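The structure appears below as structure tokens.
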Amino acid sequence: MKLPYIKFHLRDIKRGAAFLLILLPTVLVCLPIFLLITGSVMSGGELQQHLAPVFSDDAAFVSWKAIPDYPTFAHYGKLLFMTPQFFVLFWNSVRLVVCILAGQLAVGVPAAWAFAVYQVRGGRALFTLYIVLMLLPFQVTMLSSYLVLNRLHMLDTHLAVILPAVFSTLPVFLVYGGFRAIPAQLFEAARIDGASERRIFLSIGLPLGKSGLLSAVVLGFLEYWNMMEQPMAFLEDKSLWPLSLYLPEITWQQAGNAFAASVITLIPAVFVFVWGQDYLEQGIVFSGLKE
Amino acid sequence: MKIRRSGAKSRKDTRTFFLFLTPSILGVLVFVLLPFLDVFERSFRTVVTGRFVGFGNYATVFGNQAFRLAVGNTLRFTLVCIPLLVVIGLMIAYPVSRFKSAGVIKSLYLFPLAMPTATIVIVWKIVFCRRGFLNLLLTRLGEWSGLWGEVQTDLLGTKAAFWVLVFSYIWKNVGYTIVLWLAGILGIPNELLEAARADGASESQCFFRIVLPNLKGSLYTIVILSFLNSFKIYREAYLVAGSYPVQDMYLLQHLFNNWFVNLDFDKMAAATVCVGGFLFAVIMLLQRLWDSRDM
């Protein structure tokens, strides 16, 4: 018997691969978000029913419903209007992120400018030091940060989280990438025209190096909105905690709140992501250590 | 072209350089470098009395079973994850580089980077727990094909937890790997590929002889960045399983955190010096390796 002859065109395989490449991330990205959103508008009883297998020794598997039987905004209402603690933590997060980013720019942008524009003896070595420091994980700097924060009596205040982050060297590196992209002849021309170094920095460097700055802001926001290790180590008072540490504290019995809080935490990150995606990509490329 | 500067000019340059750099350098000195010296000094003393013990703390650390376990697991995690991430990223980026709609796909892959860890962990718990969605899917698949029965492995409380971490790491980090690979691939001059094709080179020859060798710079960046980010998997690990997870998941980060909580500062100082020194050496080596290959 002759088998039916099936011919695979290379084009078909390619089309299939392309389809897979799009399908895969769509599923892996959209399903979690879908789960969070539907969970946040599901009534408490329904959630309990679906999720019981997660936290008890029930024999059944977890289940889910795309459209809840009893859709409700009660969890959001409860979180936003009846949980003052949530508000405190939300503003803690905002405050920490804003202060850190502002500080990083104030300190890091001039430093990046110095490295990008002035060739000075020892400059390369210093820059290498900055690269090494930017690559050290938190665990390696944890003890040293603790010791200095303790000495400065800053433990258990927001400064304990803000100050070490302000002097992180990663933003210097990102902004440096933006400044390096400006042709150096521009500076020479401005100098010949009699512009002061400060003037060159403010009128040429900042406007033209804006993309590097913004990519540092976008990457920084996503990083510090998600910050966990530092506040966990240096903040004992739970009323000082950021939102990222509050979520794990919610028990499964209040699953609805956990879902609603997750969605609310996610919103600013999504907003920054959508607004700053170009800068995010640029930042990732700038973080390439070879210029 | 470099213009040789006169002595006065370069002196002025140096002054301006330090004027711009001073705030940053002072902060780094106060918050990182000087405290690090303090840690170095403490690594030779006991924590309570401050008595000098030479390399005693180092001996304790290296004799410590938890330390060995954690180093082993961390190394294993890095050695599994980084090659996997690098290869998967390239396997996705190369075809995507020819799509017209590359931008949309890139955003899709990048999105996990924006997703707060605490948020995604809730989802992972529902998916990977004993009666979670993954096991449900596997069970249904087994029933459908008749090959296996019900699957009820606790993916978070057994050896499988390690692979859940690997999955989570790749899920989160593959986006920027793709962006970096894409930047590298798009940086290869098109004439190079066209000339090769005109000379009759096959697709695979083009890929292995032209594309790959031109991506060394991207590879270096990707390896360094994925290494840096591999330490952040602690967030997922901690949120899923707390301070003392199953053995396979016990990473250096857990150990440091537990020492920190128990105020074992002497051990921690010695371990900090070791791990910091090791990382410093690796970074320097990678950089040296890269520079010499570049020539």
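Lettering and numbering for the structure tokens are positional, with chains as A, B, ... in the shown order, residues counted from 1 in each chain, and ligands counted from 1 in the shown order.
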Exercise. Find the residues around stretch 31-48 of chain A up to 9 Å (only C-alpha atoms counted), leave out those fewer than 5 positions away in its own chain, and share them as a count of residues only.
Key: 31
Practice problem: Write out as a ChimeraX atom specification which residues come within 10 Å of B:Gly149 when counting only C-alpha atoms, dropping same-chain ones fewer than 6 positions away. | Solution: /B:138-143
May I have the residues from that selection written out with C-alpha atoms, as a PDB file, in the first residue's frame?
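Output below, filename again.pdb:
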```pdb
ATOM      1  CA  LEU B 138      -0.250  16.519  32.383  1.00  0.00           C
ATOM      2  CA  THR B 139      -2.932  14.286  33.864  1.00  0.00           C
ATOM      3  CA  ARG B 140      -5.383  15.097  31.109  1.00  0.00           C
ATOM      4  CA  LEU B 141      -2.666  14.531  28.552  1.00  0.00           C
ATOM      5  CA  GLY B 142      -1.942  11.155  30.139  1.00  0.00           C
ATOM      6  CA  GLU B 143      -5.603  10.180  30.133  1.00  0.00           C
TER       7      GLU B 143
END
```
Quiz prompt | Who sits within 10 Å of stretch 183-185 of chain B, only C-alpha atoms, same chain under 3 positions skipped, as a PyMOL selection string | solution = (chain A and resi 281-282+284-285) or (chain B and resi 90+93-94+97+177-180+188-190+211-212+214-219)
Go ahead and write the selection's residues with N, CA and C atoms as a PDB file, in the first residue's frame.
```
ATOM      1  N   GLU A 281      14.423  49.109  25.771  1.00  0.00           N
ATOM      2  CA  GLU A 281      15.249  48.353  24.833  1.00  0.00           C
ATOM      3  C   GLU A 281      16.605  49.016  24.646  1.00  0.00           C
ATOM      4  N   GLN A 282      16.553  50.358  24.521  1.00  0.00           N
ATOM      5  CA  GLN A 282      17.798  51.093  24.348  1.00  0.00           C
ATOM      6  C   GLN A 282      18.710  50.897  25.557  1.00  0.00           C
ATOM      7  N   ILE A 284      18.764  48.385  27.566  1.00  0.00           N
ATOM      8  CA  ILE A 284      19.327  47.042  27.545  1.00  0.00           C
ATOM      9  C   ILE A 284      20.514  46.993  26.595  1.00  0.00           C
ATOM     10  N   VAL A 285      20.362  47.671  25.450  1.00  0.00           N
ATOM     11  CA  VAL A 285      21.472  47.666  24.499  1.00  0.00           C
ATOM     12  C   VAL A 285      22.647  48.488  25.030  1.00  0.00           C
TER      13      VAL A 285
ATOM     14  N   LEU B  90      18.859  33.066  21.405  1.00  0.00           N
ATOM     15  CA  LEU B  90      19.325  33.128  20.019  1.00  0.00           C
ATOM     16  C   LEU B  90      18.365  32.386  19.098  1.00  0.00           C
ATOM     17  N   ALA B  93      15.591  34.813  18.661  1.00  0.00           N
ATOM     18  CA  ALA B  93      15.942  36.090  18.040  1.00  0.00           C
ATOM     19  C   ALA B  93      16.265  35.942  16.553  1.00  0.00           C
ATOM     20  N   TYR B  94      16.923  34.845  16.185  1.00  0.00           N
ATOM     21  CA  TYR B  94      17.364  34.726  14.794  1.00  0.00           C
ATOM     22  C   TYR B  94      16.197  34.694  13.820  1.00  0.00           C
ATOM     23  N   SER B  97      14.377  38.083  13.791  1.00  0.00           N
ATOM     24  CA  SER B  97      15.067  39.200  13.139  1.00  0.00           C
ATOM     25  C   SER B  97      14.590  39.362  11.699  1.00  0.00           C
ATOM     26  N   THR B 177      17.457  39.147  26.609  1.00  0.00           N
ATOM     27  CA  THR B 177      18.428  38.384  25.825  1.00  0.00           C
ATOM     28  C   THR B 177      18.099  38.511  24.342  1.00  0.00           C
ATOM     29  N   ILE B 178      16.795  38.398  24.027  1.00  0.00           N
ATOM     30  CA  ILE B 178      16.380  38.521  22.631  1.00  0.00           C
ATOM     31  C   ILE B 178      16.701  39.918  22.093  1.00  0.00           C
ATOM     32  N   VAL B 179      16.422  40.942  22.925  1.00  0.00           N
ATOM     33  CA  VAL B 179      16.710  42.315  22.484  1.00  0.00           C
ATOM     34  C   VAL B 179      18.198  42.467  22.171  1.00  0.00           C
ATOM     35  N   LEU B 180      19.053  41.909  23.023  1.00  0.00           N
ATOM     36  CA  LEU B 180      20.492  42.034  22.799  1.00  0.00           C
ATOM     37  C   LEU B 180      20.943  41.252  21.574  1.00  0.00           C
ATOM     38  N   ILE B 188      24.907  43.389  11.953  1.00  0.00           N
ATOM     39  CA  ILE B 188      25.758  42.750  10.944  1.00  0.00           C
ATOM     40  C   ILE B 188      25.409  43.342   9.588  1.00  0.00           C
ATOM     41  N   PRO B 189      26.420  43.874   8.883  1.00  0.00           N
ATOM     42  CA  PRO B 189      26.125  44.507   7.592  1.00  0.00           C
ATOM     43  C   PRO B 189      25.478  43.519   6.628  1.00  0.00           C
ATOM     44  N   ASN B 190      24.414  43.939   6.019  1.00  0.00           N
ATOM     45  CA  ASN B 190      23.645  43.081   5.130  1.00  0.00           C
ATOM     46  C   ASN B 190      24.456  42.630   3.918  1.00  0.00           C
ATOM     47  N   VAL B 211      27.031  34.908  10.818  1.00  0.00           N
ATOM     48  CA  VAL B 211      26.242  35.506  11.906  1.00  0.00           C
ATOM     49  C   VAL B 211      26.899  35.238  13.261  1.00  0.00           C
ATOM     50  N   LEU B 212      27.141  33.963  13.556  1.00  0.00           N
ATOM     51  CA  LEU B 212      27.676  33.633  14.879  1.00  0.00           C
ATOM     52  C   LEU B 212      28.971  34.357  15.220  1.00  0.00           C
ATOM     53  N   ASN B 214      30.053  37.063  14.295  1.00  0.00           N
ATOM     54  CA  ASN B 214      29.840  38.496  14.463  1.00  0.00           C
ATOM     55  C   ASN B 214      29.088  38.843  15.737  1.00  0.00           C
ATOM     56  N   LEU B 215      28.672  37.819  16.471  1.00  0.00           N
ATOM     57  CA  LEU B 215      27.850  38.082  17.653  1.00  0.00           C
ATOM     58  C   LEU B 215      28.619  37.936  18.955  1.00  0.00           C
ATOM     59  N   LYS B 216      29.960  37.845  18.852  1.00  0.00           N
ATOM     60  CA  LYS B 216      30.738  37.622  20.079  1.00  0.00           C
ATOM     61  C   LYS B 216      30.512  38.713  21.103  1.00  0.00           C
ATOM     62  N   GLY B 217      30.426  39.955  20.625  1.00  0.00           N
ATOM     63  CA  GLY B 217      30.215  41.079  21.542  1.00  0.00           C
ATOM     64  C   GLY B 217      28.901  40.942  22.282  1.00  0.00           C
ATOM     65  N   SER B 218      27.853  40.558  21.559  1.00  0.00           N
ATOM     66  CA  SER B 218      26.558  40.377  22.190  1.00  0.00           C
ATOM     67  C   SER B 218      26.629  39.250  23.215  1.00  0.00           C
ATOM     68  N   LEU B 219      27.322  38.183  22.857  1.00  0.00           N
ATOM     69  CA  LEU B 219      27.416  37.035  23.756  1.00  0.00           C
ATOM     70  C   LEU B 219      27.997  37.461  25.096  1.00  0.00           C
TER      71      LEU B 219
END
```
Might you pull out every residue within 10 Å of stretch 155-165 of chain A, with only C-alpha atoms counted and same-chain residues fewer than 5 positions away left off, and present them as a compact mmCIF listing (two decimals) with C-alpha atoms, in the first residue's frame?
```txt
# COMPACT_ATOMS: atom_id res chain seq x y z
CA ASN A 92 5.88 53.86 50.54
CA ARG A 95 8.14 57.40 47.65
CA LEU A 96 11.04 54.96 47.62
CA VAL A 97 11.07 54.65 43.84
CA VAL A 98 10.79 58.39 43.20
CA CYS A 99 13.49 59.30 45.72
CA ILE A 100 15.84 56.61 44.44
CA LEU A 101 15.40 57.58 40.80
CA GLY A 103 18.89 60.66 43.56
CA GLN A 104 20.37 58.34 40.96
CA THR A 141 27.07 44.17 49.59
CA SER A 145 25.63 48.25 53.66
CA TYR A 146 24.27 47.12 56.99
CA LEU A 147 27.42 48.15 58.82
CA VAL A 148 27.51 51.64 57.37
CA LEU A 149 23.75 52.19 57.77
CA ASN A 150 24.02 51.08 61.37
CA LEU A 170 24.31 50.80 37.06
CA GLY A 220 15.34 51.69 37.43
CA TYR A 224 12.92 49.27 42.34
CA MET A 227 12.60 45.65 45.15
CA GLU A 229 15.93 42.17 49.33
CA GLN A 230 16.88 45.64 50.55
CA PRO A 231 13.68 46.55 52.44
CA MET A 232 13.54 43.03 53.84
CA ALA A 233 17.03 43.37 55.28
CA PHE A 234 17.01 47.00 56.41
CA LEU A 235 13.39 47.78 57.35
CA GLU A 236 11.97 46.04 60.39
CA ASP A 237 8.95 48.27 60.83
CA LYS A 238 6.29 46.84 58.54
CA LEU A 240 7.69 51.30 56.16
CA TRP A 241 7.56 48.37 53.74
CA PRO A 242 6.92 48.75 50.04
CA GLY B 27 28.83 58.16 47.82
CA VAL B 28 30.47 55.03 46.47
CA VAL B 30 31.08 55.96 51.94
CA PHE B 31 28.43 53.38 51.09
CA VAL B 32 30.41 50.70 49.31
```
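Minimum distance to B:Pro95 across A:Leu21, A:Leu105, A:Ile204, A:Ile13 (counting only C-alpha atoms) occurs at A:Leu21.
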Quiz item: What is the distance between atom CA of A:Val132 and atom CA of B:Ile283, in Å to one decimal?
Solution: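 Rounded to one decimal, the two atoms are 7.1 Å apart.
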Self-check item: Residue nearest chain B among A:Ala116, A:Val62, A:Leu152, A:Ala52 (counting only C-alpha atoms)
Solution: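 Selected residue with least distance to chain B: A:Val62.
Reported to one decimal place, the separation of atom CA of B:Leu26 from atom CA of A:Ser196 is 24.6 Å.
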Quiz item: Within 7 Å of chain A, which residues of chain B show up when using only C-alpha atoms, listed as an MDAnalysis selection string?
Solution: chainID B and resid 13:14 17 20:21 23:24 27:28 31:32 35:36 39 92 105 108:109 112 114:119 123 126 129 131:133 136 176 179:180 217 221 228 231 239 253 256 272 276 280
Practice problem: Tell me, in Å to one decimal, how far atom CA of B:Met268 is from atom CA of B:Ala59. | Solution: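 About the pair atom CA of B:Met268 and atom CA of B:Ala59: they are 12.4 Å apart.
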Quiz item: Where in stretch 16-223 of chain B does DSSP assign alpha helix (DSSP H), given as a ChimeraX atom specification?
Solution: /B:16-28,34-42,56-63,65-96,102-110,117-128,133-145,160-186,190-198,203-205,216-223
Quiz item: Smallest atom-to-atom distance to B:Lys159: which of B:Glu41, B:Asp264, B:Asp248, B:Glu191, using only C-alpha atoms?
Solution: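 Checking each of B:Glu41, B:Asp264, B:Asp248, B:Glu191 against B:Lys159, counting only C-alpha atoms, the winner is B:Asp248.
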